[in-house]
Amino acid sequence: MPDWICERGIGEIRFARIVDGEIVEARILLEGTVAAGTVLDGRLIEVGIPALADAGGQQYLLPRGAPGVTQGAAIRIEVTRETIPGAEPWKRPLARIAERAESVSNALEAEILPFPAPIDRLEQAGWFDVLEEARSGIVRFDGGELRLSLTPAMTLIDVDGRLAPAELALKAAKVAARTILRHAVGGSIGIDLPTISGKEQRQAVGAAIDATLPQPFERTAMNGFGFIQIVRPRARASLFELASDRPSFEARSLLRNAAMSVSGATVLVAHPSVSAVLERNPAWLEDLSRQVGGPATLRSDPSLPIHGAYAHNA
């Protein structure tokens with residue numbers, strides 16, 4: 001059986017790789033997002049480096065240009081970075097000149113789960129915990145915690161805890177590496193660890209990252225102030241980036257919970273910002289109605305926290 005499982009939900013497709021009963025990697029592909037590896041036919045609309053192509057009404061930036069292709073000519077491209085939602089909606093997805101005629105898979109051999117299912121294998125493996133880490137930006141471990149922050153330049157990971165500095169730095173480095181993998185964090189990543197003296201101790205911290213985080217990636221040595229920078233390929237949005245759009249993130253989470261826990265006529269109760277997302281996506285409510293076997297209606301409750309949405313039978 002493949003390590004990965006895939007659940008085609010409402011508004012998103014969820015992927016998880018499970019090892020020893022725990023989710024070690026998770027990905028979410030939003031509805032309407034063209035997956036990395038997809039080959040598209042389009043047209044070159046701007047030459048140069050970078051070049052710009054249009055495919056299906058979406059513009060793609062080609063960082064390496066399109067040598068030998070004239071402006072306005074037909075072009076076949078392969079998506080290398082999916083659309084990244086969040087604070088910089090102007091950022092275009094990335095692509096390159098396609099070297100193959102057909103799309104490749106998402107590099108996953110995944111077992112497709114029924115949805116909804118009588119046994120929630122994602123939840124059994126800790127899907128709720130994954131979402132909670134993504135929405136809060138906090139990853140706790142014995143003796144300390146990580147706090148993740150998104151910036152336009154990089155994802156920053158701050159470390160705090162009650163252990164001795166050398167012990168905390170070593171343990172936090174391993175947890176940070178696991179978190180980067182678990183939440184599909186790519187691009188430039190900065191880890192602010194406790195300041196420790198001694199070259200051997202700092203080298204041990206770097207070695208712990210190397211042993212925990214699979215290649216490909218590059219990193220700097222830990223400097224005297226406790227900072228390490230990691231650069232990984234960035235083909236998709238991390239779960240932290242997806243969670244930065246909290247109303248949409250919570251709306252899709254609510255739909256999953258409702259589909260898995262309620263049958264028949266269903267009422268969704270949510271914060272107004274979450275309700276607004278669902279109102280803008282009536283097809284999602286129609287899909288839920290089919291899943292639960294009864295009409296799904298919506299009620300806003302401004303007293304609820306944004307993460308406090310729930311579903312019940314009408």
# chains A, B, ... in the order shown; residues from 1 in each chain; ligands from 1

call {"tool": "residues_around", "arguments": {"residues": "region 312-314 of chain A", "least_positions_apart": "2", "cutoff": "9 Å", "atoms": "only C-alpha atoms", "output": "list in words"}}
result
Ala258, Ser261, Val262, Ser263, Gly264, Ala265, Thr266, Val267, Leu268, Val269, Pro295, Ala296, Thr297 and Tyr310 of chain A

call {"tool": "select_by_dssp", "arguments": {"residues": "region 183-278 of chain A", "states": "helix (DSSP H, G or I)", "output": "number ranges by chain"}}
result
A: 199-212, 239-243, 246-261, 272-278

call {"tool": "residues_around", "arguments": {"residues": "region 143-146 of chain A", "least_positions_apart": "3", "cutoff": "10 Å", "atoms": "only C-alpha atoms", "output": "tab-separated table (two decimals) with C-alpha atoms, in the first residue's frame"}}
result
chain	number	residue	atom	x	y	z
A	133	GLU	CA	-0.69	23.79	14.28
A	137	GLY	CA	1.43	28.76	14.15
A	138	ILE	CA	2.47	27.01	17.38
A	139	VAL	CA	4.13	23.60	17.55
A	140	ARG	CA	4.72	22.35	21.08
A	149	SER	CA	5.48	33.60	11.35
A	156	LEU	CA	10.41	32.43	10.40
A	157	ILE	CA	10.53	29.90	13.22
A	158	ASP	CA	11.18	31.22	16.72
A	159	VAL	CA	12.15	28.82	19.49
A	160	ASP	CA	11.35	29.19	23.17
A	161	GLY	CA	11.55	26.79	26.08
A	162	ARG	CA	12.72	25.97	29.57
A	163	LEU	CA	15.58	23.60	28.74
A	164	ALA	CA	19.25	24.46	28.87
A	167	GLU	CA	19.63	20.91	24.81
A	168	LEU	CA	16.80	23.19	23.67
A	169	ALA	CA	18.57	24.10	20.43
A	171	LYS	CA	15.69	19.29	20.32
A	172	ALA	CA	14.06	22.32	18.64
A	173	ALA	CA	16.13	21.84	15.49
A	175	VAL	CA	11.18	19.47	15.72
A	176	ALA	CA	11.60	22.39	13.30
A	179	THR	CA	7.48	20.67	11.10
A	191	ILE	CA	15.14	29.31	12.46
A	192	ASP	CA	16.01	31.43	15.48
A	193	LEU	CA	17.47	29.02	18.06

call {"tool": "residues_around", "arguments": {"residues": "Leu278 (chain A)", "least_positions_apart": "3", "cutoff": "10 Å", "atoms": "only C-alpha atoms", "output": "PyMOL selection string"}}
result
chain A and resi 247-248+251-252+254-255+268+270+272-275+281-285+298

call {"tool": "atom_distance", "arguments": {"atom1": "CA of Arg92 (chain A)", "atom2": "CA of Gly42 (chain A)"}}
result
15.1 Å

call {"tool": "residues_around", "arguments": {"residues": "Glu82 (chain A)", "least_positions_apart": "2", "cutoff": "7 Å", "atoms": "only C-alpha atoms", "output": "JSON, numbers by chain"}}
result
{"A": [33, 34, 35, 36, 79, 80, 84, 93, 94, 235, 236]}

call {"tool": "residues_around", "arguments": {"residues": "region 118-127 of chain A", "least_positions_apart": "2", "cutoff": "9 Å", "atoms": "only C-alpha atoms", "output": "list in words"}}
result
Ile5, Glu7, Ala16, Ile18, Val19, Asp20, Gly21, Glu22, Ile23, Ala26, Leu113, Pro114, Phe115, Pro116, Asp129, Val130, Leu131, Glu132 and Met260 of chain A

call {"tool": "write_last_selection", "arguments": {"atoms": "N, CA, C and O atoms", "output": "short mmCIF file (atom, residue, chain, number, x, y, z; two decimals), in the first residue's frame"}}
result
data_model
loop_
_atom_site.label_atom_id
_atom_site.label_comp_id
_atom_site.auth_asym_id
_atom_site.auth_seq_id
_atom_site.Cartn_x
_atom_site.Cartn_y
_atom_site.Cartn_z
N ILE A 5 -2.09 8.92 1.54
CA ILE A 5 -3.53 8.78 1.33
C ILE A 5 -4.06 10.11 0.82
O ILE A 5 -3.47 11.17 1.07
N GLU A 7 -7.71 12.42 0.09
CA GLU A 7 -9.13 12.60 0.34
C GLU A 7 -9.62 13.78 -0.49
O GLU A 7 -9.15 14.91 -0.31
N ALA A 16 -1.93 13.14 2.72
CA ALA A 16 -1.17 12.91 3.95
C ALA A 16 -0.31 11.67 3.79
O ALA A 16 -0.75 10.66 3.22
N ILE A 18 1.56 8.94 6.07
CA ILE A 18 1.45 8.46 7.44
C ILE A 18 2.53 7.41 7.70
O ILE A 18 2.70 6.47 6.93
N VAL A 19 3.26 7.61 8.78
CA VAL A 19 4.29 6.67 9.21
C VAL A 19 4.04 6.34 10.68
O VAL A 19 3.93 7.26 11.51
N ASP A 20 3.94 5.07 10.98
CA ASP A 20 3.69 4.62 12.37
C ASP A 20 2.47 5.32 12.97
O ASP A 20 2.47 5.73 14.14
N GLY A 21 1.43 5.47 12.15
CA GLY A 21 0.18 6.03 12.63
C GLY A 21 0.14 7.53 12.77
O GLY A 21 -0.84 8.08 13.28
N GLU A 22 1.19 8.24 12.32
CA GLU A 22 1.25 9.69 12.48
C GLU A 22 1.48 10.36 11.13
O GLU A 22 2.24 9.84 10.29
N ILE A 23 0.85 11.51 10.92
CA ILE A 23 1.05 12.27 9.69
C ILE A 23 2.42 12.94 9.74
O ILE A 23 2.68 13.78 10.61
N ALA A 26 1.88 16.57 5.03
CA ALA A 26 0.51 16.91 4.66
C ALA A 26 0.54 17.98 3.57
O ALA A 26 1.40 18.86 3.59
N LEU A 113 -9.14 7.79 -0.60
CA LEU A 113 -10.09 7.45 0.45
C LEU A 113 -11.50 7.82 0.01
O LEU A 113 -11.71 8.82 -0.68
N PRO A 114 -12.50 7.04 0.43
CA PRO A 114 -13.88 7.48 0.21
C PRO A 114 -14.17 8.70 1.07
O PRO A 114 -13.60 8.86 2.16
N PHE A 115 -15.02 9.58 0.55
CA PHE A 115 -15.39 10.77 1.34
C PHE A 115 -16.87 11.07 1.14
O PHE A 115 -17.31 11.21 0.01
N PRO A 116 -17.63 11.19 2.25
CA PRO A 116 -17.20 10.88 3.62
C PRO A 116 -17.06 9.37 3.82
O PRO A 116 -17.55 8.59 3.01
N ASP A 129 -4.81 17.82 14.68
CA ASP A 129 -3.60 18.44 15.24
C ASP A 129 -2.82 19.19 14.18
O ASP A 129 -2.25 20.26 14.44
N VAL A 130 -2.76 18.63 12.96
CA VAL A 130 -2.08 19.31 11.86
C VAL A 130 -2.75 20.66 11.59
O VAL A 130 -2.08 21.69 11.46
N LEU A 131 -4.08 20.68 11.50
CA LEU A 131 -4.79 21.93 11.25
C LEU A 131 -4.62 22.92 12.40
O LEU A 131 -4.49 24.13 12.17
N GLU A 132 -4.60 22.42 13.62
CA GLU A 132 -4.44 23.30 14.76
C GLU A 132 -3.06 23.96 14.76
O GLU A 132 -2.92 25.14 15.07
N MET A 260 -18.35 14.49 7.71
CA MET A 260 -17.92 13.30 8.44
C MET A 260 -18.81 12.98 9.64
O MET A 260 -18.81 11.84 10.13
#

call {"tool": "atom_distance", "arguments": {"atom1": "CA of Glu111 (chain A)", "atom2": "CA of Arg27 (chain A)"}}
result
14.3 Å
